[in-house]
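Since the structure comes first, as structure tokens, the remarks are kept for the end.
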Amino acid sequence: MTRFFLPLAIFGIMVGFLAVGLTLNPREIPSPLVGKEAPAFSRQQLHEQDKVFARKDLAGQVWLLNFWASWCSGCKTEHPVLMELAKSGAVPIYGMDYKDQRDEALAWLNRWGNPYQIVGVDLEGRVGIDYGVYGVPETYVIDKQGVIRYKQIGPVTEEALAKTILPLVKELQAK
Amino acid sequence: MIWLALIALLLFAPSAWAGEARPLADDPAVEERLKHLAVELRCLVCQNQTLADSNAPLAEDLRREVREMIVKNMSDKEIIDFLVSRYGDFVLYRPPLKSTTTLLWVGPFVLLVGGGIALVVALKRRGKKVADAAITEEEHRRVEQLLSEGVKRS
């Protein structure tokens with residue numbers, strides 16, 4: 001009996017492992033920063049260059065930090081979703097222009113619309129490294145105490161917004 | 001528009017990088033340590049390349065960060081902690097033994113021991129079968145006869 005059942009059992013276990021493996025996305029690397037304080041930064045603003053965009057200015061509110069760039073195609077994909085979100089006023093979105101050229105970035109926002117309250121400039125990608133960004137777009141949900149609560153890797157989809165981000169934002173705002 | 005951006009990238013980006021990296025890259029001791037560290041670190045963009053091999057812009061930036069930390073005389077452990085705190089154990093080619101990585105570390109040995117046990121059991125069973133196959137005197141004589149006939153024929 002074991003002669004037939006043993007290979008079958010081993011095969012079953014292998015199928016189990018492979019099935020789980022297939023549902024995972026190898027490009028999604030869980031961030032160790034979720035649950036930790038959002039790294040401080042202080043960057044020049046994209047629009048008003050004599051002003052600074054700093055993390056500490058946003059204490060006491062729930063906000064989204066969205067890393068984007070005019071050269072990034074995923075950013076174009078998520079852009080309508082961010083515009084809708086900005087219009088709804090559910091949560092303020094702040095942008096970080098990641099390794100981009102200023103005129104290109106401004107032209108991009110002029111053309112497609114600007115969902116951001118403020119956009120900071122991360123020319124050398126150093127803020128990105130502090131936040132563990134490895135491919136734009138990436139979006140962080142940051143709570144009133146300045147703690148990162150969630151990281152969206154890749155474009156913000158309507159589904160991610162409705163199922164994960166907005167419920168989380170509501171919960172954090174109520175606290 | 002896209003073409004203009006691409007041309008601009010081609011024209012300006014390499015010169016900007018080279019200009020940035022040169023003063024640090026000139027020190028062979030720093031480069032030696034960078035090389036030593038970078039082969040242990042995984043690039044997050046092209047996931048099966050090391051930080052040393054990858055030409056992805058992020059790898060470029062991370063090499064710059066590591067270089068700067070080396071110049072600041074930080075220890076290997078401090079540099080690796082800097083990267084792990086941002087990108088997680090994923091950046092390490094040799095992840096530490098933790099509850100989440102147990103299967104990764106122990107799995108091969110479990111398979112090896114399991115295979116060993118299966119082999120021993122299978123061999124023992126076969127040994128028993130061979131020993132059990134007793135033959136009678138008559139059969140023994142017949143075998144001898146067949147064998148000697150075989151010898152004569154050849």
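The chains in the structure tokens are called A, B, ... from first to last as shown; in each chain the residues are counted from 1, and the ligands are counted from 1 in the order shown.
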Exercise for the section: Step one, run DSSP on the backbone; step two, keep only residues of chain B assigned to strand (DSSP E or B); then write them as an MDAnalysis selection string. Expected result: chainID B and resid 41:42 50 92
Practice task
For chain A, list the residues within 9 Å of chain B, counting only C-alpha atoms, and write the list as number ranges by chain.
Solution key: A: 26-27, 29-33, 71, 104, 124-126, 129-135
With N, CA and C atoms retained, could you export that selection as a JSON list (two decimals), in the first residue's frame?
```json
[["chain", "number", "residue", "atom", "x", "y", "z"],
["A", 26, "PRO", "N", 7.00, 37.59, -6.27],
["A", 26, "PRO", "CA", 8.39, 37.75, -5.85],
["A", 26, "PRO", "C", 8.85, 39.21, -5.88],
["A", 27, "ARG", "N", 8.11, 40.06, -6.59],
["A", 27, "ARG", "CA", 8.52, 41.45, -6.66],
["A", 27, "ARG", "C", 8.06, 42.24, -5.44],
["A", 29, "ILE", "N", 8.42, 42.75, -1.85],
["A", 29, "ILE", "CA", 9.28, 42.44, -0.72],
["A", 29, "ILE", "C", 8.71, 43.15, 0.50],
["A", 30, "PRO", "N", 8.28, 42.40, 1.52],
["A", 30, "PRO", "CA", 7.67, 43.05, 2.68],
["A", 30, "PRO", "C", 8.64, 44.05, 3.31],
["A", 31, "SER", "N", 8.11, 45.22, 3.65],
["A", 31, "SER", "CA", 8.99, 46.27, 4.18],
["A", 31, "SER", "C", 9.15, 46.12, 5.68],
["A", 32, "PRO", "N", 10.39, 46.18, 6.16],
["A", 32, "PRO", "CA", 10.61, 46.13, 7.61],
["A", 32, "PRO", "C", 10.21, 47.45, 8.28],
["A", 33, "LEU", "N", 9.86, 48.45, 7.47],
["A", 33, "LEU", "CA", 9.57, 49.77, 8.04],
["A", 33, "LEU", "C", 8.13, 49.92, 8.51],
["A", 71, "TRP", "N", 9.20, 59.87, -15.30],
["A", 71, "TRP", "CA", 9.68, 58.83, -16.21],
["A", 71, "TRP", "C", 9.09, 57.46, -15.89],
["A", 104, "GLU", "N", 10.65, 68.35, -16.30],
["A", 104, "GLU", "CA", 9.85, 67.19, -16.73],
["A", 104, "GLU", "C", 8.73, 66.92, -15.72],
["A", 124, "GLU", "N", 18.49, 62.75, -5.71],
["A", 124, "GLU", "CA", 19.49, 61.68, -5.69],
["A", 124, "GLU", "C", 18.93, 60.36, -5.17],
["A", 125, "GLY", "N", 17.65, 60.36, -4.86],
["A", 125, "GLY", "CA", 17.04, 59.12, -4.38],
["A", 125, "GLY", "C", 17.40, 58.76, -2.96],
["A", 126, "ARG", "N", 17.87, 59.72, -2.18],
["A", 126, "ARG", "CA", 18.28, 59.39, -0.81],
["A", 126, "ARG", "C", 17.10, 59.20, 0.14],
["A", 129, "ILE", "N", 15.87, 55.81, -0.49],
["A", 129, "ILE", "CA", 16.63, 54.75, 0.17],
["A", 129, "ILE", "C", 16.24, 54.66, 1.65],
["A", 130, "ASP", "N", 16.04, 55.82, 2.30],
["A", 130, "ASP", "CA", 15.63, 55.80, 3.71],
["A", 130, "ASP", "C", 14.28, 55.12, 3.90],
["A", 131, "TYR", "N", 13.43, 55.23, 2.90],
["A", 131, "TYR", "CA", 12.11, 54.61, 2.98],
["A", 131, "TYR", "C", 12.09, 53.21, 2.38],
["A", 132, "GLY", "N", 13.22, 52.74, 1.93],
["A", 132, "GLY", "CA", 13.26, 51.40, 1.36],
["A", 132, "GLY", "C", 12.55, 51.30, 0.03],
["A", 133, "VAL", "N", 12.53, 52.39, -0.72],
["A", 133, "VAL", "CA", 11.91, 52.36, -2.05],
["A", 133, "VAL", "C", 12.83, 51.61, -3.01],
["A", 134, "TYR", "N", 12.27, 50.64, -3.75],
["A", 134, "TYR", "CA", 13.12, 49.98, -4.73],
["A", 134, "TYR", "C", 12.53, 50.04, -6.13],
["A", 135, "GLY", "N", 11.40, 50.71, -6.26],
["A", 135, "GLY", "CA", 10.85, 50.91, -7.60],
["A", 135, "GLY", "C", 9.63, 51.80, -7.46]]
```
Handout entry: Exercise: Asp122 (chain A) partners within 12 Å, only C-alpha atoms, chain neighbours under 2 positions left out, as JSON, numbers by chain
Key = {"A": [41, 42, 43, 44, 45, 46, 52, 53, 54, 66, 67, 68, 69, 95, 96, 97, 98, 99, 100, 101, 102, 105, 119, 120, 124, 125, 126, 127, 128, 129, 130, 131, 133]}
Suppose we keep C-alpha atoms; can you now write the selection as a PDB file, in the first residue's frame?
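Below is the file out12.pdb, written as the result:
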```pdb
ATOM      1  CA  PHE A  41      13.396  64.169   5.646  1.00  0.00           C
ATOM      2  CA  SER A  42      13.577  67.785   4.691  1.00  0.00           C
ATOM      3  CA  ARG A  43      13.586  68.511   0.972  1.00  0.00           C
ATOM      4  CA  GLN A  44      13.169  71.381  -1.400  1.00  0.00           C
ATOM      5  CA  GLN A  45       9.638  71.733  -2.767  1.00  0.00           C
ATOM      6  CA  LEU A  46       9.016  71.134  -6.443  1.00  0.00           C
ATOM      7  CA  VAL A  52      11.015  73.109   2.299  1.00  0.00           C
ATOM      8  CA  PHE A  53       8.886  69.986   2.594  1.00  0.00           C
ATOM      9  CA  ALA A  54       9.654  68.214   5.862  1.00  0.00           C
ATOM     10  CA  ASN A  66       3.675  58.774  -2.730  1.00  0.00           C
ATOM     11  CA  PHE A  67       7.023  58.305  -4.459  1.00  0.00           C
ATOM     12  CA  TRP A  68       6.652  59.015  -8.158  1.00  0.00           C
ATOM     13  CA  ALA A  69       8.540  60.299 -11.180  1.00  0.00           C
ATOM     14  CA  GLY A  95       4.400  63.497  -3.302  1.00  0.00           C
ATOM     15  CA  MET A  96       8.099  62.813  -3.484  1.00  0.00           C
ATOM     16  CA  ASP A  97       9.507  63.346  -6.945  1.00  0.00           C
ATOM     17  CA  TYR A  98      12.037  60.545  -7.144  1.00  0.00           C
ATOM     18  CA  LYS A  99      15.194  60.988  -9.246  1.00  0.00           C
ATOM     19  CA  ASP A 100      13.480  63.210 -11.737  1.00  0.00           C
ATOM     20  CA  GLN A 101      14.161  66.402 -13.648  1.00  0.00           C
ATOM     21  CA  ARG A 102      12.309  69.440 -12.407  1.00  0.00           C
ATOM     22  CA  ALA A 105       8.089  66.710 -13.399  1.00  0.00           C
ATOM     23  CA  VAL A 119       5.686  67.706  -3.739  1.00  0.00           C
ATOM     24  CA  GLY A 120       9.213  67.316  -2.414  1.00  0.00           C
ATOM     25  CA  GLU A 124      19.490  61.678  -5.694  1.00  0.00           C
ATOM     26  CA  GLY A 125      17.040  59.116  -4.382  1.00  0.00           C
ATOM     27  CA  ARG A 126      18.283  59.391  -0.808  1.00  0.00           C
ATOM     28  CA  VAL A 127      14.857  59.829   0.779  1.00  0.00           C
ATOM     29  CA  GLY A 128      13.841  56.846  -1.307  1.00  0.00           C
ATOM     30  CA  ILE A 129      16.633  54.748   0.172  1.00  0.00           C
ATOM     31  CA  ASP A 130      15.632  55.799   3.706  1.00  0.00           C
ATOM     32  CA  TYR A 131      12.107  54.612   2.980  1.00  0.00           C
ATOM     33  CA  VAL A 133      11.907  52.364  -2.052  1.00  0.00           C
TER      34      VAL A 133
END
```
Fill in the blank from the handout: Using only C-alpha atoms, the residue out of A:Cys75, A:Ile148, A:His47, A:Leu64 with shortest distance to Asn110 (chain A) is A:His47
Please, which residues of chain B, numbered as in this document, come out alpha helix (DSSP H) from DSSP, as a tab-separated table (two decimals) with N, CA and C atoms, in the first residue's frame?
```tsv
chain	number	residue	atom	x	y	z
B	2	ILE	N	9.03	61.89	-25.15
B	2	ILE	CA	9.76	60.78	-24.52
B	2	ILE	C	11.16	60.69	-25.07
B	3	TRP	N	11.24	60.92	-26.42
B	3	TRP	CA	12.56	60.83	-27.04
B	3	TRP	C	13.50	61.89	-26.50
B	4	LEU	N	12.92	63.08	-26.33
B	4	LEU	CA	13.74	64.17	-25.79
B	4	LEU	C	14.27	63.79	-24.40
B	5	ALA	N	13.36	63.22	-23.59
B	5	ALA	CA	13.74	62.83	-22.24
B	5	ALA	C	14.84	61.79	-22.27
B	6	LEU	N	14.69	60.82	-23.19
B	6	LEU	CA	15.67	59.74	-23.29
B	6	LEU	C	17.03	60.28	-23.71
B	7	ILE	N	16.98	61.19	-24.71
B	7	ILE	CA	18.25	61.78	-25.17
B	7	ILE	C	18.90	62.56	-24.04
B	8	ALA	N	18.06	63.30	-23.32
B	8	ALA	CA	18.58	64.08	-22.20
B	8	ALA	C	19.22	63.15	-21.17
B	9	LEU	N	18.53	62.01	-20.90
B	9	LEU	CA	19.07	61.04	-19.94
B	9	LEU	C	20.43	60.53	-20.40
B	10	LEU	N	20.49	60.16	-21.70
B	10	LEU	CA	21.73	59.62	-22.24
B	10	LEU	C	22.86	60.63	-22.15
B	11	LEU	N	22.50	61.88	-22.42
B	11	LEU	CA	23.53	62.92	-22.46
B	11	LEU	C	24.03	63.28	-21.07
B	12	PHE	N	23.06	63.45	-20.16
B	12	PHE	CA	23.46	64.05	-18.88
B	12	PHE	C	23.74	63.03	-17.79
B	13	ALA	N	22.94	61.94	-17.78
B	13	ALA	CA	23.03	61.05	-16.65
B	13	ALA	C	24.42	60.45	-16.42
B	14	PRO	N	25.05	59.86	-17.47
B	14	PRO	CA	26.33	59.20	-17.19
B	14	PRO	C	27.39	60.18	-16.69
B	15	SER	N	27.41	61.36	-17.28
B	15	SER	CA	28.44	62.31	-16.87
B	15	SER	C	28.20	62.76	-15.43
B	16	ALA	N	26.90	62.90	-15.07
B	16	ALA	CA	26.59	63.32	-13.71
B	16	ALA	C	27.06	62.26	-12.72
B	17	TRP	N	26.79	60.98	-13.07
B	17	TRP	CA	27.18	59.91	-12.15
B	17	TRP	C	28.70	59.84	-12.01
B	18	ALA	N	29.35	59.87	-13.16
B	18	ALA	CA	30.79	59.73	-13.12
B	18	ALA	C	31.41	60.84	-12.29
B	19	GLY	N	30.88	62.03	-12.46
B	19	GLY	CA	31.43	63.16	-11.72
B	19	GLY	C	31.25	62.99	-10.23
B	20	GLU	N	30.11	62.36	-9.88
B	20	GLU	CA	29.82	62.18	-8.47
B	20	GLU	C	30.72	61.12	-7.84
B	21	ALA	N	30.89	60.05	-8.59
B	21	ALA	CA	31.53	58.88	-7.99
B	21	ALA	C	33.05	58.99	-7.96
B	22	ARG	N	33.62	59.79	-8.82
B	22	ARG	CA	35.06	59.73	-9.00
B	22	ARG	C	35.89	59.96	-7.74
B	23	PRO	N	35.61	61.04	-6.97
B	23	PRO	CA	36.49	61.30	-5.84
B	23	PRO	C	36.54	60.13	-4.85
B	24	LEU	N	35.41	59.41	-4.70
B	24	LEU	CA	35.39	58.30	-3.76
B	24	LEU	C	35.99	57.05	-4.40
B	25	ALA	N	35.67	56.86	-5.68
B	25	ALA	CA	36.08	55.63	-6.35
B	25	ALA	C	37.58	55.55	-6.53
B	28	PRO	N	41.49	52.84	-3.72
B	28	PRO	CA	41.38	51.39	-3.97
B	28	PRO	C	40.95	50.60	-2.72
B	29	ALA	N	41.31	51.08	-1.54
B	29	ALA	CA	40.92	50.36	-0.31
B	29	ALA	C	39.41	50.38	-0.15
B	30	VAL	N	38.81	51.56	-0.44
B	30	VAL	CA	37.36	51.68	-0.34
B	30	VAL	C	36.69	50.76	-1.36
B	31	GLU	N	37.22	50.76	-2.59
B	31	GLU	CA	36.64	49.92	-3.64
B	31	GLU	C	36.73	48.43	-3.27
B	32	GLU	N	37.83	48.07	-2.64
B	32	GLU	CA	38.04	46.68	-2.24
B	32	GLU	C	36.97	46.26	-1.23
B	33	ARG	N	36.74	47.13	-0.24
B	33	ARG	CA	35.72	46.81	0.78
B	33	ARG	C	34.33	46.81	0.16
B	34	LEU	N	34.09	47.75	-0.76
B	34	LEU	CA	32.78	47.81	-1.42
B	34	LEU	C	32.52	46.50	-2.17
B	35	LYS	N	33.56	46.04	-2.88
B	35	LYS	CA	33.41	44.82	-3.66
B	35	LYS	C	33.11	43.64	-2.74
B	36	HIS	N	33.84	43.61	-1.63
B	36	HIS	CA	33.69	42.55	-0.65
B	36	HIS	C	32.27	42.51	-0.08
B	37	LEU	N	31.72	43.71	0.21
B	37	LEU	CA	30.38	43.80	0.78
B	37	LEU	C	29.31	43.56	-0.28
B	38	ALA	N	29.55	44.11	-1.46
B	38	ALA	CA	28.47	44.13	-2.47
B	38	ALA	C	28.14	42.74	-2.99
B	57	PRO	N	19.71	51.48	-11.66
B	57	PRO	CA	19.99	52.77	-11.00
B	57	PRO	C	19.98	52.66	-9.48
B	58	LEU	N	19.05	51.82	-8.96
B	58	LEU	CA	19.00	51.69	-7.50
B	58	LEU	C	20.29	51.06	-6.96
B	59	ALA	N	20.80	50.06	-7.67
B	59	ALA	CA	22.04	49.42	-7.25
B	59	ALA	C	23.18	50.44	-7.27
B	60	GLU	N	23.16	51.28	-8.30
B	60	GLU	CA	24.13	52.36	-8.42
B	60	GLU	C	24.07	53.26	-7.17
B	61	ASP	N	22.83	53.63	-6.80
B	61	ASP	CA	22.64	54.50	-5.63
B	61	ASP	C	23.08	53.82	-4.35
B	62	LEU	N	22.75	52.53	-4.25
B	62	LEU	CA	23.09	51.83	-3.01
B	62	LEU	C	24.59	51.64	-2.89
B	63	ARG	N	25.26	51.43	-4.04
B	63	ARG	CA	26.72	51.34	-3.99
B	63	ARG	C	27.30	52.67	-3.53
B	64	ARG	N	26.69	53.76	-4.00
B	64	ARG	CA	27.13	55.09	-3.57
B	64	ARG	C	26.97	55.24	-2.05
B	65	GLU	N	25.80	54.81	-1.54
B	65	GLU	CA	25.57	54.89	-0.08
B	65	GLU	C	26.62	54.08	0.68
B	66	VAL	N	26.84	52.84	0.21
B	66	VAL	CA	27.78	51.95	0.90
B	66	VAL	C	29.17	52.55	0.86
B	67	ARG	N	29.54	53.10	-0.30
B	67	ARG	CA	30.84	53.74	-0.45
B	67	ARG	C	31.01	54.85	0.58
B	68	GLU	N	29.96	55.67	0.70
B	68	GLU	CA	30.04	56.78	1.66
B	68	GLU	C	30.16	56.29	3.09
B	69	MET	N	29.47	55.19	3.39
B	69	MET	CA	29.56	54.66	4.75
B	69	MET	C	30.94	54.08	5.02
B	70	ILE	N	31.54	53.50	3.98
B	70	ILE	CA	32.90	52.97	4.14
B	70	ILE	C	33.86	54.12	4.41
B	71	VAL	N	33.69	55.20	3.67
B	71	VAL	CA	34.56	56.37	3.87
B	71	VAL	C	34.38	56.92	5.28
B	76	ASP	N	31.34	46.75	8.87
B	76	ASP	CA	30.51	45.97	7.95
B	76	ASP	C	29.13	45.75	8.53
B	77	LYS	N	29.10	45.49	9.85
B	77	LYS	CA	27.83	45.19	10.50
B	77	LYS	C	26.91	46.42	10.47
B	78	GLU	N	27.48	47.58	10.71
B	78	GLU	CA	26.68	48.81	10.68
B	78	GLU	C	26.11	49.06	9.29
B	79	ILE	N	26.93	48.81	8.27
B	79	ILE	CA	26.50	49.04	6.89
B	79	ILE	C	25.38	48.07	6.53
B	80	ILE	N	25.55	46.80	6.90
B	80	ILE	CA	24.53	45.80	6.59
B	80	ILE	C	23.26	46.09	7.36
B	81	ASP	N	23.39	46.52	8.62
B	81	ASP	CA	22.20	46.88	9.41
B	81	ASP	C	21.44	48.05	8.77
B	82	PHE	N	22.19	48.99	8.24
B	82	PHE	CA	21.58	50.14	7.54
B	82	PHE	C	20.68	49.66	6.41
B	83	LEU	N	21.18	48.71	5.64
B	83	LEU	CA	20.40	48.23	4.50
B	83	LEU	C	19.26	47.32	4.93
B	84	VAL	N	19.52	46.47	5.93
B	84	VAL	CA	18.47	45.55	6.38
B	84	VAL	C	17.32	46.32	7.01
B	85	SER	N	17.64	47.41	7.74
B	85	SER	CA	16.57	48.17	8.38
B	85	SER	C	15.67	48.83	7.35
B	86	ARG	N	16.15	49.03	6.13
B	86	ARG	CA	15.34	49.65	5.09
B	86	ARG	C	14.68	48.64	4.16
B	87	TYR	N	15.45	47.60	3.80
B	87	TYR	CA	14.94	46.68	2.78
B	87	TYR	C	14.64	45.28	3.31
B	102	THR	N	13.32	29.33	8.96
B	102	THR	CA	13.69	27.99	9.42
B	102	THR	C	13.63	26.97	8.29
B	103	LEU	N	12.53	27.01	7.53
B	103	LEU	CA	12.34	26.02	6.48
B	103	LEU	C	13.48	26.12	5.46
B	104	LEU	N	13.88	27.35	5.19
B	104	LEU	CA	14.95	27.60	4.23
B	104	LEU	C	16.26	26.95	4.68
B	105	TRP	N	16.54	27.11	5.97
B	105	TRP	CA	17.82	26.60	6.48
B	105	TRP	C	17.77	25.12	6.79
B	106	VAL	N	16.64	24.66	7.36
B	106	VAL	CA	16.57	23.29	7.86
B	106	VAL	C	16.08	22.34	6.77
B	107	GLY	N	15.27	22.87	5.82
B	107	GLY	CA	14.65	22.05	4.78
B	107	GLY	C	15.60	21.07	4.10
B	108	PRO	N	16.72	21.53	3.56
B	108	PRO	CA	17.62	20.61	2.85
B	108	PRO	C	18.10	19.46	3.74
B	109	PHE	N	18.37	19.77	5.04
B	109	PHE	CA	18.84	18.70	5.93
B	109	PHE	C	17.73	17.70	6.23
B	110	VAL	N	16.51	18.23	6.37
B	110	VAL	CA	15.36	17.34	6.58
B	110	VAL	C	15.22	16.39	5.39
B	111	LEU	N	15.34	16.94	4.19
B	111	LEU	CA	15.24	16.11	2.98
B	111	LEU	C	16.36	15.08	2.94
B	112	LEU	N	17.57	15.51	3.31
B	112	LEU	CA	18.73	14.61	3.28
B	112	LEU	C	18.53	13.46	4.26
B	113	VAL	N	18.13	13.78	5.51
B	113	VAL	CA	17.92	12.75	6.53
B	113	VAL	C	16.77	11.84	6.11
B	114	GLY	N	15.69	12.44	5.59
B	114	GLY	CA	14.54	11.65	5.14
B	114	GLY	C	14.95	10.68	4.04
B	115	GLY	N	15.73	11.18	3.07
B	115	GLY	CA	16.21	10.34	1.98
B	115	GLY	C	17.10	9.22	2.50
B	116	GLY	N	17.96	9.55	3.47
B	116	GLY	CA	18.87	8.56	4.07
B	116	GLY	C	18.08	7.44	4.73
B	117	ILE	N	17.07	7.84	5.52
B	117	ILE	CA	16.26	6.83	6.22
B	117	ILE	C	15.55	5.95	5.20
B	118	ALA	N	14.98	6.57	4.16
B	118	ALA	CA	14.26	5.81	3.14
B	118	ALA	C	15.20	4.81	2.48
B	119	LEU	N	16.44	5.23	2.24
B	119	LEU	CA	17.43	4.37	1.58
B	119	LEU	C	17.75	3.17	2.46
B	120	VAL	N	18.02	3.44	3.75
B	120	VAL	CA	18.38	2.36	4.68
B	120	VAL	C	17.24	1.35	4.77
B	121	VAL	N	16.00	1.89	4.91
B	121	VAL	CA	14.84	0.99	5.03
B	121	VAL	C	14.71	0.13	3.77
B	122	ALA	N	14.87	0.76	2.61
B	122	ALA	CA	14.72	0.03	1.35
B	122	ALA	C	15.79	-1.06	1.22
B	123	LEU	N	17.03	-0.72	1.61
B	123	LEU	CA	18.12	-1.70	1.50
B	123	LEU	C	17.89	-2.88	2.44
B	124	LYS	N	17.42	-2.57	3.65
B	124	LYS	CA	17.18	-3.64	4.63
B	124	LYS	C	16.12	-4.60	4.12
B	125	ARG	N	15.05	-4.02	3.55
B	125	ARG	CA	13.97	-4.86	3.03
B	125	ARG	C	14.47	-5.77	1.93
B	126	ARG	N	15.28	-5.21	1.05
B	126	ARG	CA	15.77	-5.99	-0.07
B	126	ARG	C	16.69	-7.10	0.43
B	127	GLY	N	17.53	-6.78	1.42
B	127	GLY	CA	18.44	-7.76	2.01
B	127	GLY	C	17.67	-8.95	2.53
B	128	LYS	N	16.55	-8.67	3.23
B	128	LYS	CA	15.74	-9.73	3.79
B	128	LYS	C	15.19	-10.63	2.67
B	129	LYS	N	14.73	-10.00	1.60
B	129	LYS	CA	14.15	-10.76	0.48
B	129	LYS	C	15.18	-11.70	-0.11
B	130	VAL	N	16.42	-11.24	-0.30
B	130	VAL	CA	17.47	-12.05	-0.91
B	130	VAL	C	17.80	-13.22	0.02
B	131	ALA	N	17.91	-12.98	1.33
B	131	ALA	CA	18.25	-14.03	2.28
B	131	ALA	C	17.15	-15.09	2.34
B	132	ASP	N	15.91	-14.64	2.18
B	132	ASP	CA	14.78	-15.56	2.29
B	132	ASP	C	14.71	-16.55	1.12
B	137	GLU	N	18.48	-28.64	-2.48
B	137	GLU	CA	19.67	-29.35	-2.98
B	137	GLU	C	19.57	-29.58	-4.48
B	138	GLU	N	18.36	-30.03	-4.90
B	138	GLU	CA	18.11	-30.34	-6.30
B	138	GLU	C	18.37	-29.13	-7.20
B	139	GLU	N	17.82	-27.99	-6.77
B	139	GLU	CA	17.99	-26.75	-7.53
B	139	GLU	C	19.46	-26.36	-7.59
B	140	HIS	N	20.14	-26.57	-6.46
B	140	HIS	CA	21.55	-26.21	-6.37
B	140	HIS	C	22.37	-27.00	-7.41
B	141	ARG	N	22.08	-28.28	-7.48
B	141	ARG	CA	22.81	-29.14	-8.43
B	141	ARG	C	22.55	-28.68	-9.87
B	142	ARG	N	21.32	-28.35	-10.14
B	142	ARG	CA	20.94	-27.92	-11.48
B	142	ARG	C	21.66	-26.62	-11.88
B	143	VAL	N	21.79	-25.75	-10.93
B	143	VAL	CA	22.49	-24.49	-11.20
B	143	VAL	C	23.95	-24.77	-11.53
B	144	GLU	N	24.57	-25.64	-10.72
B	144	GLU	CA	25.98	-26.00	-10.95
B	144	GLU	C	26.16	-26.56	-12.37
B	145	GLN	N	25.22	-27.45	-12.71
B	145	GLN	CA	25.28	-28.11	-14.01
B	145	GLN	C	25.19	-27.10	-15.15
B	146	LEU	N	24.23	-26.18	-15.02
B	146	LEU	CA	24.04	-25.16	-16.05
B	146	LEU	C	25.26	-24.29	-16.20
B	147	LEU	N	25.83	-23.96	-15.04
B	147	LEU	CA	27.01	-23.10	-15.08
B	147	LEU	C	28.19	-23.79	-15.77
B	148	SER	N	28.39	-25.10	-15.41
B	148	SER	CA	29.55	-25.77	-16.01
B	148	SER	C	29.35	-26.00	-17.48
B	149	GLU	N	28.11	-26.27	-17.91
B	149	GLU	CA	27.81	-26.39	-19.33
B	149	GLU	C	28.15	-25.08	-20.05
B	150	GLY	N	27.80	-23.99	-19.42
B	150	GLY	CA	28.07	-22.68	-19.97
B	150	GLY	C	29.56	-22.49	-20.21
B	151	VAL	N	30.37	-22.92	-19.23
B	151	VAL	CA	31.82	-22.77	-19.33
B	151	VAL	C	32.35	-23.58	-20.53
B	152	LYS	N	31.86	-24.88	-20.63
B	152	LYS	CA	32.31	-25.74	-21.74
B	152	LYS	C	31.98	-25.12	-23.10
B	153	ARG	N	30.76	-24.59	-23.17
B	153	ARG	CA	30.29	-24.06	-24.46
B	153	ARG	C	31.15	-22.87	-24.91
```
Practice task
Do a neighbour search on region 138-145 of chain A at 8 Å with only C-alpha atoms, toss out local chain neighbours closer than 6 positions, and write the hits as a list in words.
Solution key: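 Contacts, in chain order: Ala38, Ala59, Gly60, Gln61, Val62, Trp63, Leu64, Leu65, Asn66, Phe67, Trp68, Lys151, Gln152, Ile153, Gly154, Pro155, Val156, Ile165, Val169, Leu172 and Gln173 of chain A.
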Just N, CA and C atoms for this one: save the residues we selected as a short mmCIF file (atom, residue, chain, number, x, y, z; two decimals), in the first residue's frame.
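Okay, part27.cif is ready:
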```cif
data_model
loop_
_atom_site.label_atom_id
_atom_site.label_comp_id
_atom_site.auth_asym_id
_atom_site.auth_seq_id
_atom_site.Cartn_x
_atom_site.Cartn_y
_atom_site.Cartn_z
N ALA A 38 8.30 56.81 10.50
CA ALA A 38 8.69 57.20 9.14
C ALA A 38 9.99 58.01 9.22
N ALA A 59 3.06 66.21 11.33
CA ALA A 59 2.67 65.51 12.55
C ALA A 59 1.22 65.84 12.89
N GLY A 60 0.51 64.85 13.44
CA GLY A 60 -0.86 65.09 13.90
C GLY A 60 -1.91 64.82 12.85
N GLN A 61 -1.51 64.38 11.66
CA GLN A 61 -2.52 64.00 10.67
C GLN A 61 -2.12 62.69 9.99
N VAL A 62 -3.15 62.04 9.46
CA VAL A 62 -2.90 60.84 8.67
C VAL A 62 -2.67 61.29 7.24
N TRP A 63 -1.61 60.80 6.61
CA TRP A 63 -1.31 61.27 5.24
C TRP A 63 -0.66 60.15 4.43
N LEU A 64 -0.69 60.35 3.12
CA LEU A 64 -0.04 59.40 2.22
C LEU A 64 1.21 60.04 1.64
N LEU A 65 2.28 59.26 1.60
CA LEU A 65 3.48 59.73 0.93
C LEU A 65 3.66 58.85 -0.31
N ASN A 66 3.63 59.49 -1.46
CA ASN A 66 3.67 58.77 -2.73
C ASN A 66 4.97 59.12 -3.46
N PHE A 67 5.80 58.11 -3.68
CA PHE A 67 7.02 58.31 -4.46
C PHE A 67 6.67 58.11 -5.93
N TRP A 68 6.99 59.09 -6.73
CA TRP A 68 6.65 59.01 -8.16
C TRP A 68 7.74 59.71 -8.97
N LYS A 151 2.52 49.92 3.37
CA LYS A 151 3.28 50.30 2.18
C LYS A 151 2.65 49.62 0.97
N GLN A 152 2.29 50.45 0.00
CA GLN A 152 1.77 49.92 -1.27
C GLN A 152 2.93 49.88 -2.24
N ILE A 153 3.27 48.67 -2.70
CA ILE A 153 4.35 48.52 -3.66
C ILE A 153 3.72 48.48 -5.05
N GLY A 154 4.17 49.35 -5.92
CA GLY A 154 3.58 49.43 -7.24
C GLY A 154 2.39 50.36 -7.21
N PRO A 155 1.70 50.48 -8.36
CA PRO A 155 0.62 51.45 -8.46
C PRO A 155 -0.49 51.22 -7.43
N VAL A 156 -1.06 52.32 -6.94
CA VAL A 156 -2.25 52.25 -6.10
C VAL A 156 -3.42 51.93 -7.01
N ILE A 165 -6.38 50.60 1.82
CA ILE A 165 -5.86 51.91 2.23
C ILE A 165 -6.94 52.75 2.91
N VAL A 169 -6.98 54.15 6.67
CA VAL A 169 -6.93 55.60 6.90
C VAL A 169 -8.05 56.02 7.86
N LEU A 172 -7.25 54.98 11.34
CA LEU A 172 -6.18 55.79 11.94
C LEU A 172 -6.67 57.20 12.26
N GLN A 173 -7.54 57.73 11.40
CA GLN A 173 -8.05 59.09 11.64
C GLN A 173 -8.93 59.13 12.88
#
```
